[in-house]
>>> print(open('final_33.txt').read())   # compact mmCIF, C-alpha atoms
# COMPACT_ATOMS: atom_id res chain seq x y z
CA MET M 1 0.00 0.00 0.00
CA VAL M 2 1.46 3.28 -1.10
CA SER M 3 0.79 6.34 0.99
CA VAL M 4 0.34 9.55 -0.88
CA LEU M 5 1.60 12.70 0.80
CA GLU M 6 -0.05 15.96 -0.08
CA ARG M 7 2.44 18.38 -1.57
CA LYS M 8 1.63 22.02 -0.96
CA LEU M 9 2.53 24.50 -3.67
CA THR M 10 3.96 27.70 -2.20
CA ILE M 11 5.84 30.75 -3.40
CA LYS M 12 7.85 33.34 -1.53
CA ARG M 13 7.05 36.97 -2.23
CA VAL M 14 7.17 40.31 -0.51
CA ALA M 15 3.65 41.02 0.73
CA THR M 16 2.35 44.50 -0.01
CA VAL M 17 1.68 46.48 3.16
CA VAL M 18 -1.86 47.81 2.71
CA SER M 19 -2.24 49.03 6.31
CA ASN M 20 0.19 50.53 8.80
CA TYR M 21 -1.12 48.00 11.33
CA GLN M 22 -0.03 45.11 9.11
CA GLU M 23 3.69 45.50 9.63
CA ASN M 24 5.38 43.96 12.67
CA ALA M 25 2.12 42.40 13.92
CA SER M 26 2.94 39.20 15.73
CA THR M 27 0.47 36.41 16.44
CA ASP M 28 0.40 37.42 20.12
CA ASP M 29 -0.36 41.02 19.14
CA LEU M 30 -3.24 39.96 16.93
CA GLU M 31 -4.70 37.66 19.59
CA SER M 32 -4.61 40.44 22.19
CA MET M 33 -6.22 42.87 19.75
CA ALA M 34 -9.03 40.40 19.16
CA GLN M 35 -9.81 40.50 22.88
CA GLY M 36 -10.33 44.26 22.90
CA CYS M 37 -7.62 46.72 21.98
CA GLY M 38 -9.11 50.07 22.95
CA ARG M 39 -7.26 51.76 20.10
CA ASN M 40 -10.10 52.70 17.76
CA CYS M 41 -9.80 49.81 15.29
CA LEU M 42 -12.32 48.08 13.01
CA GLY M 43 -12.77 45.12 15.32
CA SER M 44 -15.88 44.21 17.31
CA CYS M 45 -14.28 45.94 20.30
CA CYS M 46 -14.36 49.40 18.69
CA LEU M 47 -16.36 49.53 15.46
CA PRO M 48 -19.90 49.07 16.90
CA VAL M 49 -19.57 52.22 19.02
CA SER M 50 -17.83 54.30 16.36
CA LYS M 51 -19.37 57.14 14.38
CA LEU M 52 -17.65 56.89 11.02
CA PRO M 53 -18.91 58.90 8.04
CA LEU M 54 -21.52 57.04 5.96
CA TYR M 55 -22.16 57.21 2.23
CA ALA M 56 -25.56 55.54 1.72
CA PHE M 57 -26.32 54.79 -1.93
CA ASN M 58 -29.70 54.33 -3.58
CA THR M 59 -30.31 50.73 -4.64
CA ASP M 60 -33.65 51.49 -6.32
CA ALA M 61 -31.82 52.94 -9.34
CA GLU M 62 -30.69 49.46 -10.42
CA GLU M 63 -34.31 48.44 -10.95
CA GLN M 64 -34.75 51.23 -13.51
CA GLY M 65 -32.55 49.56 -16.10
CA HIS M 66 -28.83 48.96 -16.33
CA ASP M 67 -28.33 49.85 -20.00
CA LYS M 68 -28.89 53.59 -19.66
CA VAL M 69 -25.78 55.50 -20.65
CA ASP M 70 -24.29 57.90 -18.11
CA ALA M 71 -22.65 61.02 -19.53
CA SER M 72 -19.58 60.18 -17.49
CA CYS M 73 -19.06 56.78 -19.08
CA ASP M 74 -19.92 57.29 -22.75
CA GLY M 75 -16.61 58.77 -23.81
CA LYS M 76 -17.46 62.36 -22.88
CA SER M 77 -15.77 64.39 -20.16
CA PRO M 78 -16.87 62.90 -16.82
CA GLU M 79 -19.08 64.90 -14.51
CA LYS M 80 -17.63 64.23 -11.10
CA SER M 81 -20.07 62.59 -8.73
CA TYR M 82 -20.34 63.35 -5.03
CA LEU M 83 -18.69 60.01 -4.21
CA ASN M 84 -15.83 60.82 -6.60
CA ASN M 85 -15.17 64.15 -4.86
CA LEU M 86 -15.68 62.70 -1.38
CA LEU M 87 -13.23 59.85 -1.94
CA LEU M 88 -10.52 62.07 -3.37
CA GLY M 89 -11.02 64.74 -0.71
CA GLN M 90 -10.73 62.23 2.14
CA TRP M 91 -7.81 60.43 0.46
CA GLU M 92 -5.89 63.69 0.06
CA ASN M 93 -6.62 64.48 3.70
CA ARG M 94 -4.87 61.26 4.73
CA MET M 95 -1.98 62.11 2.43
CA THR M 96 -1.62 65.52 4.11
CA ARG M 97 -1.60 63.78 7.50
CA GLY M 98 1.32 61.59 6.40
CA ILE M 99 -0.42 58.21 6.78
CA PHE M 100 0.85 56.75 3.49
CA ARG M 101 4.18 54.94 3.34
CA TYR M 102 5.38 57.01 0.37
CA ASP M 103 4.23 59.74 -2.02
CA VAL M 104 2.79 57.95 -5.04
CA THR M 105 2.67 61.24 -6.97
CA SER M 106 6.47 61.16 -7.12
CA CYS M 107 6.50 57.76 -8.87
CA GLU M 108 7.50 57.99 -12.53
CA THR M 109 4.86 56.80 -15.00
CA LYS M 110 4.90 56.46 -18.78
CA VAL M 111 2.85 54.95 -21.59
CA ILE M 112 4.89 52.29 -23.40
CA PRO M 113 4.88 52.83 -27.17
CA GLY M 114 2.93 50.23 -29.09
CA THR M 115 -0.50 49.09 -30.19
CA TYR M 116 -2.07 48.79 -26.74
CA GLY M 117 -0.29 51.50 -24.76
CA PHE M 118 0.69 49.51 -21.67
CA VAL M 119 1.27 51.85 -18.73
CA ALA M 120 4.51 51.44 -16.74
CA GLN M 121 5.12 52.85 -13.29
CA LEU M 122 8.38 52.83 -11.35
CA ASN M 123 7.38 52.18 -7.75
CA GLU M 124 10.44 51.29 -5.69
CA GLY M 125 8.73 52.00 -2.36
CA ARG M 126 6.30 49.08 -2.41
CA HIS M 127 8.73 46.33 -1.40
CA LEU M 128 11.68 47.97 0.37
CA LYS M 129 12.91 46.55 3.69
CA LYS M 130 10.47 43.66 3.59
CA ARG M 131 11.27 39.98 3.90
CA PRO M 132 9.67 37.53 1.48
CA THR M 133 6.77 35.61 3.01
CA GLU M 134 5.63 32.13 2.04
CA PHE M 135 2.16 31.90 0.51
CA ARG M 136 0.21 28.80 -0.41
CA VAL M 137 -0.99 29.11 -4.01
CA ASP M 138 -2.64 25.77 -4.74
CA LYS M 139 -5.88 26.41 -2.83
CA VAL M 140 -8.22 29.20 -3.93
CA LEU M 141 -10.53 28.61 -0.95
CA GLN M 142 -8.90 28.84 2.47
CA PRO M 143 -10.62 29.43 5.83
CA PHE M 144 -10.41 32.81 7.54
CA ASP M 145 -7.70 32.86 10.23
CA LYS M 146 -8.23 35.46 12.96
CA ASN M 147 -4.62 35.02 14.11
CA LYS M 148 -3.27 36.40 10.83
CA PHE M 149 -3.51 40.03 9.81
CA ASN M 150 -7.00 41.02 8.73
CA PHE M 151 -8.89 44.27 8.31
CA THR M 152 -10.46 44.26 11.78
CA LYS M 153 -6.96 45.30 12.97
CA VAL M 154 -6.93 48.48 10.86
CA GLY M 155 -7.05 51.79 12.72
CA GLN M 156 -10.03 54.01 11.96
CA GLU M 157 -7.78 56.87 10.86
CA GLU M 158 -7.16 54.80 7.70
CA VAL M 159 -10.91 54.56 7.02
CA LEU M 160 -12.46 57.17 4.73
CA PHE M 161 -16.15 56.29 5.20
CA ARG M 162 -18.68 53.48 5.35
CA PHE M 163 -20.26 52.52 2.04
CA GLU M 164 -23.65 50.85 2.38
CA PRO M 165 -27.11 50.70 0.75
CA SER M 166 -29.56 53.31 1.97
CA GLU M 167 -32.73 52.41 3.83
CA ASP M 168 -34.92 55.18 2.40
CA GLY M 169 -34.25 54.84 -1.33
CA LYS M 170 -32.12 57.99 -1.41
CA THR M 171 -28.41 58.62 -1.81
CA SER M 172 -27.15 60.49 1.25
CA TYR M 173 -23.94 61.34 3.06
CA PHE M 174 -23.70 61.51 6.85
CA PRO M 175 -20.42 62.94 8.24
CA CYS M 176 -21.04 61.18 11.55
CA SER M 177 -23.21 58.08 11.69
CA GLN M 178 -23.86 55.61 14.50
CA ILE M 179 -23.72 51.94 13.48
CA ASP M 180 -26.97 50.05 13.95
CA PRO M 181 -26.15 47.10 16.25
CA GLU M 182 -29.15 45.20 14.88
CA GLY M 183 -28.24 45.83 11.23
CA ASN M 184 -25.75 44.22 8.88
CA SER M 185 -22.04 44.40 9.53
CA ALA M 186 -20.51 47.67 8.34
CA SER M 187 -18.82 47.88 4.94
CA VAL M 188 -15.96 50.37 4.79
CA VAL M 189 -13.65 52.16 2.36
CA ALA M 190 -10.07 52.47 3.65
CA ILE M 191 -6.86 53.76 2.13
CA ASN M 192 -4.16 51.43 0.82
CA VAL M 193 -1.08 52.83 2.56
CA SER M 194 1.08 51.46 -0.30
CA PRO M 195 -0.84 53.03 -3.18
CA ILE M 196 -0.32 52.19 -6.83
CA GLU M 197 -2.10 55.30 -8.03
CA TYR M 198 -3.99 58.36 -6.85
CA GLY M 199 -7.05 57.54 -4.78
CA HIS M 200 -6.01 53.90 -4.19
CA VAL M 201 -8.47 52.46 -1.68
CA LEU M 202 -9.77 49.17 -0.30
CA LEU M 203 -13.47 48.28 -0.24
CA ILE M 204 -14.10 45.85 2.61
CA PRO M 205 -17.62 44.35 2.64
CA ARG M 206 -19.13 43.47 6.04
CA VAL M 207 -15.81 43.80 7.79
CA LEU M 208 -16.91 42.25 11.12
CA ASP M 209 -18.26 39.13 9.40
CA CYS M 210 -14.63 38.20 8.68
CA LEU M 211 -15.37 36.69 5.28
CA PRO M 212 -12.43 34.96 3.60
CA GLN M 213 -11.20 36.18 0.22
CA LYS M 214 -13.84 34.59 -1.96
CA ILE M 215 -16.63 36.03 -4.08
CA VAL M 216 -20.10 36.35 -2.53
CA HIS M 217 -23.05 37.86 -4.37
CA ASP M 218 -23.67 40.83 -2.07
CA GLY M 219 -19.96 41.59 -1.83
CA LEU M 220 -19.62 41.80 -5.60
CA MET M 221 -22.85 43.83 -5.77
CA LEU M 222 -21.29 46.33 -3.37
CA ALA M 223 -18.21 46.60 -5.62
CA LEU M 224 -20.38 47.19 -8.71
CA HIS M 225 -22.29 49.93 -6.89
CA PHE M 226 -18.97 51.45 -5.82
CA ALA M 227 -17.87 51.75 -9.46
CA LYS M 228 -21.29 53.01 -10.51
CA GLU M 229 -21.54 55.64 -7.77
CA ALA M 230 -18.08 57.02 -8.59
CA SER M 231 -19.44 57.65 -12.11
CA ASN M 232 -15.94 58.14 -13.49
CA PRO M 233 -14.57 56.01 -16.36
CA PHE M 234 -11.05 56.47 -14.97
CA PHE M 235 -12.02 54.78 -11.67
CA ARG M 236 -11.75 50.99 -11.75
CA VAL M 237 -12.37 48.34 -9.12
CA GLY M 238 -10.26 45.18 -8.97
CA TYR M 239 -10.23 41.83 -7.19
CA ASN M 240 -7.54 39.17 -6.71
CA SER M 241 -8.40 35.66 -5.55
CA LEU M 242 -6.10 33.55 -3.43
CA GLY M 243 -3.64 31.93 -5.82
CA ALA M 244 -3.88 35.04 -8.03
CA PHE M 245 -1.79 37.33 -5.77
CA ALA M 246 -4.22 38.20 -3.01
CA THR M 247 -2.10 38.24 0.16
CA ILE M 248 -4.76 38.95 2.80
CA ASN M 249 -7.44 36.31 3.29
CA HIS M 250 -10.19 38.76 4.27
CA LEU M 251 -12.72 39.76 1.62
CA HIS M 252 -11.72 43.01 -0.07
CA PHE M 253 -11.64 44.80 -3.40
CA GLN M 254 -9.20 47.49 -4.53
CA ALA M 255 -9.84 50.61 -6.60
CA TYR M 256 -8.01 53.66 -7.89
CA PHE M 257 -8.00 56.40 -10.53
CA LEU M 258 -5.87 56.21 -13.68
CA SER M 259 -6.49 58.91 -16.28
CA ALA M 260 -5.77 56.65 -19.23
CA PRO M 261 -7.48 53.63 -20.77
CA PHE M 262 -6.27 50.26 -19.57
CA PRO M 263 -4.92 48.21 -22.50
CA ILE M 264 -7.35 45.42 -21.70
CA GLU M 265 -10.24 47.86 -22.14
CA LYS M 266 -9.09 48.49 -25.73
CA ALA M 267 -8.62 44.83 -26.65
CA PRO M 268 -10.95 43.39 -29.31
CA THR M 269 -13.70 41.07 -28.08
CA CYS M 270 -16.15 38.62 -29.57
CA LYS M 271 -19.47 37.58 -28.08
CA ILE M 272 -19.56 33.85 -27.32
CA MET M 273 -22.56 33.38 -25.00
CA SER M 274 -25.56 35.27 -23.63
CA SER M 275 -28.89 35.01 -21.83
CA LYS M 276 -32.12 35.96 -23.57
CA ASP M 277 -33.87 36.36 -20.22
CA THR M 278 -31.43 38.60 -18.37
CA ARG M 279 -29.71 40.05 -21.48
CA VAL M 280 -26.29 39.42 -19.94
CA MET M 281 -23.66 38.94 -22.64
CA VAL M 282 -20.24 37.31 -22.31
CA SER M 283 -17.46 38.01 -24.80
CA LYS M 284 -14.00 36.57 -25.22
CA LEU M 285 -10.87 38.70 -25.33
CA LEU M 286 -9.05 38.48 -28.66
CA ASN M 287 -5.45 39.35 -29.44
CA TYR M 288 -4.50 40.01 -25.82
CA PRO M 289 -1.70 38.20 -23.95
CA VAL M 290 -4.02 36.93 -21.21
CA LYS M 291 -7.12 34.94 -22.06
CA GLY M 292 -10.22 36.38 -20.43
CA LEU M 293 -13.97 36.86 -20.56
CA VAL M 294 -15.94 40.12 -20.49
CA PHE M 295 -19.39 40.30 -18.88
CA GLU M 296 -21.77 43.15 -19.71
CA GLY M 297 -25.43 44.00 -20.15
CA GLY M 298 -28.30 42.76 -18.02
CA ASN M 299 -31.79 44.10 -17.45
CA LYS M 300 -30.51 45.46 -14.16
CA LEU M 301 -27.28 45.54 -12.21
CA ARG M 302 -28.28 42.47 -10.20
CA ASP M 303 -28.38 40.38 -13.40
CA LEU M 304 -24.78 41.27 -14.23
CA CYS M 305 -23.71 40.68 -10.62
CA ASP M 306 -25.35 37.25 -10.42
CA ALA M 307 -23.79 36.08 -13.69
CA VAL M 308 -20.29 37.10 -12.62
CA ALA M 309 -20.62 35.95 -9.01
CA SER M 310 -22.06 32.55 -9.93
CA SER M 311 -19.24 32.03 -12.43
CA CYS M 312 -16.58 32.99 -9.88
CA ILE M 313 -18.06 30.73 -7.21
CA LEU M 314 -17.94 27.74 -9.57
CA LEU M 315 -14.35 28.57 -10.53
CA GLU M 316 -13.42 28.72 -6.84
CA SER M 317 -15.05 25.35 -6.17
CA ASN M 318 -12.92 23.93 -9.00
CA ASN M 319 -9.78 25.59 -7.60
CA VAL M 320 -9.28 28.04 -10.47
CA ALA M 321 -7.47 31.25 -9.45
CA PHE M 322 -8.65 34.46 -11.10
CA ASN M 323 -8.72 38.25 -11.12
CA LEU M 324 -11.63 40.62 -11.77
CA LEU M 325 -11.60 44.12 -13.24
CA ILE M 326 -14.77 46.23 -12.96
CA SER M 327 -14.74 48.88 -15.66
CA ASP M 328 -16.95 51.49 -17.34
CA CYS M 329 -18.68 52.58 -14.12
CA GLY M 330 -19.75 49.01 -13.36
CA LYS M 331 -21.03 48.21 -16.85
CA ARG M 332 -18.25 45.74 -17.78
CA VAL M 333 -16.54 43.06 -15.71
CA PHE M 334 -13.41 41.27 -16.94
CA LEU M 335 -12.91 37.74 -15.60
CA LEU M 336 -9.26 36.72 -15.90
CA PRO M 337 -8.29 33.19 -14.81
CA GLN M 338 -4.55 32.80 -14.30
CA CYS M 339 -1.84 30.31 -13.36
CA TYR M 340 1.33 32.40 -12.86
CA ALA M 341 1.72 31.70 -9.13
CA GLU M 342 1.15 27.98 -9.75
CA LYS M 343 3.80 27.95 -12.49
CA GLN M 344 6.14 29.91 -10.23
CA ALA M 345 5.70 27.34 -7.45
CA ARG M 346 6.47 24.53 -9.92
CA GLY M 347 9.62 26.28 -11.14
CA GLU M 348 8.20 26.88 -14.62
CA VAL M 349 8.74 30.67 -14.80
CA GLU M 350 11.94 32.03 -16.34
CA GLN M 351 14.38 33.51 -13.83
CA GLU M 352 14.52 36.70 -15.90
CA LEU M 353 10.84 37.32 -15.15
CA LEU M 354 11.16 36.31 -11.49
CA ASP M 355 14.00 38.79 -11.03
CA THR M 356 11.65 41.67 -11.85
CA GLN M 357 9.61 40.82 -8.71
CA VAL M 358 6.48 41.78 -10.64
CA ASN M 359 3.42 40.04 -9.25
CA PRO M 360 0.88 39.93 -12.10
CA ALA M 361 -2.34 40.65 -10.22
CA VAL M 362 -5.42 42.41 -11.61
CA TRP M 363 -3.75 45.76 -12.35
CA GLU M 364 -0.75 44.27 -14.12
CA ILE M 365 -2.91 41.89 -16.15
CA SER M 366 -5.09 44.82 -17.17
CA GLY M 367 -2.03 46.60 -18.50
CA HIS M 368 -0.78 48.82 -15.65
CA MET M 369 2.70 47.44 -15.02
CA VAL M 370 4.04 48.30 -11.55
CA LEU M 371 7.82 47.89 -11.82
CA LYS M 372 10.21 47.88 -8.87
CA ARG M 373 13.58 48.27 -10.60
CA ARG M 374 14.86 51.27 -12.55
CA LYS M 375 16.35 48.93 -15.16
CA ASP M 376 12.99 47.30 -15.92
CA TYR M 377 11.27 50.67 -16.14
CA ASP M 378 13.85 52.21 -18.48
CA GLU M 379 13.84 49.15 -20.76
CA ALA M 380 10.07 48.50 -20.64
CA SER M 381 8.59 47.65 -24.03
CA GLU M 382 5.34 46.23 -25.33
CA GLN M 383 7.15 43.00 -26.14
CA TYR M 384 8.35 42.75 -22.51
CA ALA M 385 4.81 43.31 -21.19
CA TRP M 386 3.43 40.75 -23.61
CA LYS M 387 6.02 38.16 -22.58
CA LEU M 388 5.31 38.60 -18.87
CA LEU M 389 1.54 38.46 -19.24
CA SER M 390 1.64 35.50 -21.62
CA ASP M 391 3.07 33.45 -18.75
CA VAL M 392 0.00 34.37 -16.69
CA SER M 393 -2.53 32.95 -19.14
CA LEU M 394 -4.13 29.53 -18.99
CA SER M 395 -3.58 26.97 -21.73
CA ASP M 396 -6.25 26.67 -24.43
CA GLU M 397 -7.52 23.45 -22.85
CA ARG M 398 -7.85 24.89 -19.35
CA PHE M 399 -9.47 28.06 -20.64
CA GLN M 400 -12.08 26.03 -22.51
CA GLU M 401 -12.94 24.42 -19.18
CA VAL M 402 -13.41 27.91 -17.71
CA GLU M 403 -15.77 28.81 -20.54
CA LYS M 404 -17.85 25.71 -19.79
CA TYR M 405 -17.97 26.58 -16.08
CA VAL M 406 -19.18 30.10 -16.88
CA CYS M 407 -21.81 28.89 -19.34
CA GLU M 408 -23.13 26.44 -16.73
CA ALA M 409 -22.94 28.72 -13.69
CA ALA M 410 -24.53 31.78 -15.31
CA ASN M 411 -27.11 29.75 -17.24
CA LEU M 412 -26.02 31.13 -20.61
CA GLN M 413 -26.41 29.90 -24.16
CA GLU M 414 -23.47 29.64 -26.54
CA ASP M 415 -23.43 31.85 -29.62
CA GLU M 416 -23.82 29.51 -32.58
CA ASP M 417 -21.98 31.90 -34.91
CA PHE M 418 -18.79 31.88 -32.88
CA ILE M 419 -15.86 29.82 -34.11
CA SER M 420 -12.64 30.05 -32.14
CA THR M 421 -9.68 31.90 -33.58
CA GLU M 422 -6.00 31.12 -33.81
CA GLU M 423 -3.26 33.37 -32.49
CA THR M 424 0.36 33.70 -33.44
CA SER M 425 2.98 34.60 -30.84
CA TYR M 426 4.13 38.15 -30.23
CA GLY M 427 7.62 37.39 -31.51
CA SER M 428 6.81 38.41 -35.07
CA GLY M 429 4.10 40.85 -34.02
CA THR M 430 0.98 39.28 -32.60
CA THR M 431 -1.72 38.68 -35.17
CA GLN M 432 -5.16 37.20 -34.99
CA VAL M 433 -6.17 34.70 -37.66
CA SER M 434 -9.94 34.43 -37.71
CA ARG M 435 -11.77 31.75 -39.65
CA HIS M 436 -15.10 33.39 -38.95
CA LEU M 437 -16.16 36.24 -36.68
CA PRO M 438 -19.81 37.20 -36.23
CA GLN M 439 -20.97 40.79 -36.31
CA ASP M 440 -20.86 40.97 -32.50
CA CYS M 441 -17.06 41.00 -32.58
CA LEU M 442 -15.34 44.30 -31.80
CA VAL M 443 -12.05 44.59 -33.63
CA LEU M 444 -9.19 46.81 -32.49
CA ARG M 445 -8.33 49.44 -35.09
>>> encode(input="final_33.txt", output="structure tokens")
Amino acid sequence: MVSVLERKLTIKRVATVVSNYQENASTDDLESMAQGCGRNCLGSCCLPVSKLPLYAFNTDAEEQGHDKVDASCDGKSPEKSYLNNLLLGQWENRMTRGIFRYDVTSCETKVIPGTYGFVAQLNEGRHLKKRPTEFRVDKVLQPFDKNKFNFTKVGQEEVLFRFEPSEDGKTSYFPCSQIDPEGNSASVVAINVSPIEYGHVLLIPRVLDCLPQKIVHDGLMLALHFAKEASNPFFRVGYNSLGAFATINHLHFQAYFLSAPFPIEKAPTCKIMSSKDTRVMVSKLLNYPVKGLVFEGGNKLRDLCDAVASSCILLESNNVAFNLLISDCGKRVFLLPQCYAEKQARGEVEQELLDTQVNPAVWEISGHMVLKRRKDYDEASEQYAWKLLSDVSLSDERFQEVEKYVCEAANLQEDEDFISTEETSYGSGTTQVSRHLPQDCLVLR
């Protein structure tokens, strides 16, 4: 009888410090905090009696149709919403108070010449003086561990406001709001103290419920509302699953402003499945280094949310790591399954790429390359970005499995006109050879 030992796949990486309370927190410290710290944190010891600002958004608007075009997201100059101004005002206040670990406005940024316009940023402050930490990357679903750092340990000075659905059908802002002890757990917006870009924040749904980093329907709905309420096409919301470079196993989304289109937003797409009932449509990315799916449409926002959430939940149950990008004020959601961390753990990634210390999470995959070495920044090219991201993408066979999971989970019907396309590598200039593309395909000009 042969015994089979489970082999864990792990990688070592420098964890990004998203909160000033994350660094130097020992297990004993975290256990004592959980018992009542008295230091104005987001734990059950302090949050229920706090009076944080509250932005309460109107949920009735989603029932009035999701296809209506907002002036801010139809290519015209955005009209800044109240949430947009509130977030930036509070974020700048924290910057003035010196809470961030570095000044992100001093980081050099450039658009890399080429077809897609990948954006490169030199950000040397994100990993300095940090030891690599071991992360398990072969399990997308892992239980919440209160003895590890989580967002209940964050100090309230890092919190900008609560973000929750209103109870009266109106959108309102309350500078000082008591938490209802009988209501749902508070959802908060906090700064990322190691920002990638201006206005970089964390959206933490139901913080006291201590949900692990996995997609739940109401959590994703909150993120979609966050993008919609900001009403700014330059504000995107992202999500990383475990195994896809999430380092904190406590449910959270990230968001920031970037006044340029993400390359992934410009990539051509082709519709491959849809629902006649909900009018949700799913397209496939074409001629992009990472294979991905794009969700859009729906009679209402809930339809789009349910299609994406159900798909993600099935991927998680099948141990598929992925990233999400919420774009166009919540109208489009990119689902990006990936395997880079798994390949890294198996020793299948070239040392040249590992030396860059680039962790291809949602922002990098979407085309915003955060580089940590001057050499990589100075020599950055579209070919370099393509090579790095190509290592992130699933094989054709595994991606076809993802498509089947999505079709099943979201109850969609395949487009009969769609026939898959063939790609050539970037080496000679990436080209797309299409045997047949239906009229629903959007081709990059």
>>> closest_residue(input="final_33.txt", among="M:Asn287, M:Asn249, M:Asn318, M:Ser395", to="M:Lys148", atoms="all atoms listed in the file")
M:Asn249
>>> closest_residue(input="final_33.txt", among="M:Val193, M:Gly219, M:Tyr377, M:Leu324", to="M:Glu108", atoms="all atoms listed in the file")
M:Tyr377
>>> residues_around(input="final_33.txt", residues="stretch 169-186 of chain M", least_positions_apart="4", cutoff="10 Å", atoms="all atoms listed in the file", output="ChimeraX atom specification")
/M:42,44,47-61,82-83,86,161-165,204-210,229
>>> residues_around(input="final_33.txt", residues="M:Leu353", least_positions_apart="4", cutoff="10 Å", atoms="all atoms listed in the file", output="PyMOL selection string")
chain M and resi 349+357-359+384+387-388+391
>>> closest_residue(input="final_33.txt", among="M:Gly199, M:Asp277, M:Cys305, M:Asn299", to="M:Leu222", atoms="all atoms listed in the file")
M:Cys305
>>> atom_distance(input="final_33.txt", atom1="atom CA of M:Ala244", atom2="atom CA of M:Pro360")
7.9 Å
>>> closest_residue(input="final_33.txt", among="M:Met369, M:Val290, M:Leu412, M:Leu301", to="M:Leu220", atoms="only C-alpha atoms")
M:Leu301
>>> closest_residue(input="final_33.txt", among="M:Gln142, M:Thr356, M:Asn150, M:Asn323", to="M:Phe245", atoms="only C-alpha atoms")
M:Asn323
>>> closest_residue(input="final_33.txt", among="M:Ser275, M:Thr269, M:Asn20, M:Thr152", to="M:Leu251", atoms="all atoms listed in the file")
M:Thr152
>>> atom_distance(input="final_33.txt", atom1="atom CA of M:Leu394", atom2="atom CA of M:Ala255")
25.1 Å
>>> residues_around(input="final_33.txt", residues="M:Glu379", least_positions_apart="6", cutoff="12 Å", atoms="only C-alpha atoms", output="number ranges by chain")
M: 110, 112-113, 120, 122, 356, 371, 373, 385
>>> atom_distance(input="final_33.txt", atom1="atom CA of M:Asp355", atom2="atom CA of M:Trp386")
16.5 Å
>>> residues_around(input="final_33.txt", residues="M:Glu414", least_positions_apart="4", cutoff="9 Å", atoms="all atoms listed in the file", output="list in words")
Ile272, Met273, Ser274, Ser275, Cys407 and Phe418 of chain M
>>> write_last_selection(input="final_33.txt", atoms="C-alpha atoms", output="compact mmCIF listing (two decimals), keeping the file's coordinate frame")
# COMPACT_ATOMS: atom_id res chain seq x y z
CA ILE M 272 -19.56 33.85 -27.32
CA MET M 273 -22.56 33.38 -25.00
CA SER M 274 -25.56 35.27 -23.63
CA SER M 275 -28.89 35.01 -21.83
CA CYS M 407 -21.81 28.89 -19.34
CA PHE M 418 -18.79 31.88 -32.88
>>> residues_near_point(input="final_33.txt", point="(-12.5, 36.8, 2.6)", cutoff="6 Å", atoms="only C-alpha atoms", output="PyMOL selection string")
chain M and resi 211-214+249-251
>>> residues_near_point(input="final_33.txt", point="(-15.8, 52.1, -14.2)", cutoff="6 Å", atoms="only C-alpha atoms", output="PyMOL selection string")
chain M and resi 227+233+235-236+327-330
>>> residues_around(input="final_33.txt", residues="M:Val406", least_positions_apart="2", cutoff="10 Å", atoms="all atoms listed in the file", output="list in words")
Met273, Val282, Leu293, Ala307, Val308, Ala309, Ser310, Ser311, Cys312, Ile313, Leu314, Leu315, Leu335, Gln400, Glu401, Val402, Glu403, Lys404, Glu408, Ala409, Ala410, Asn411 and Leu412 of chain M
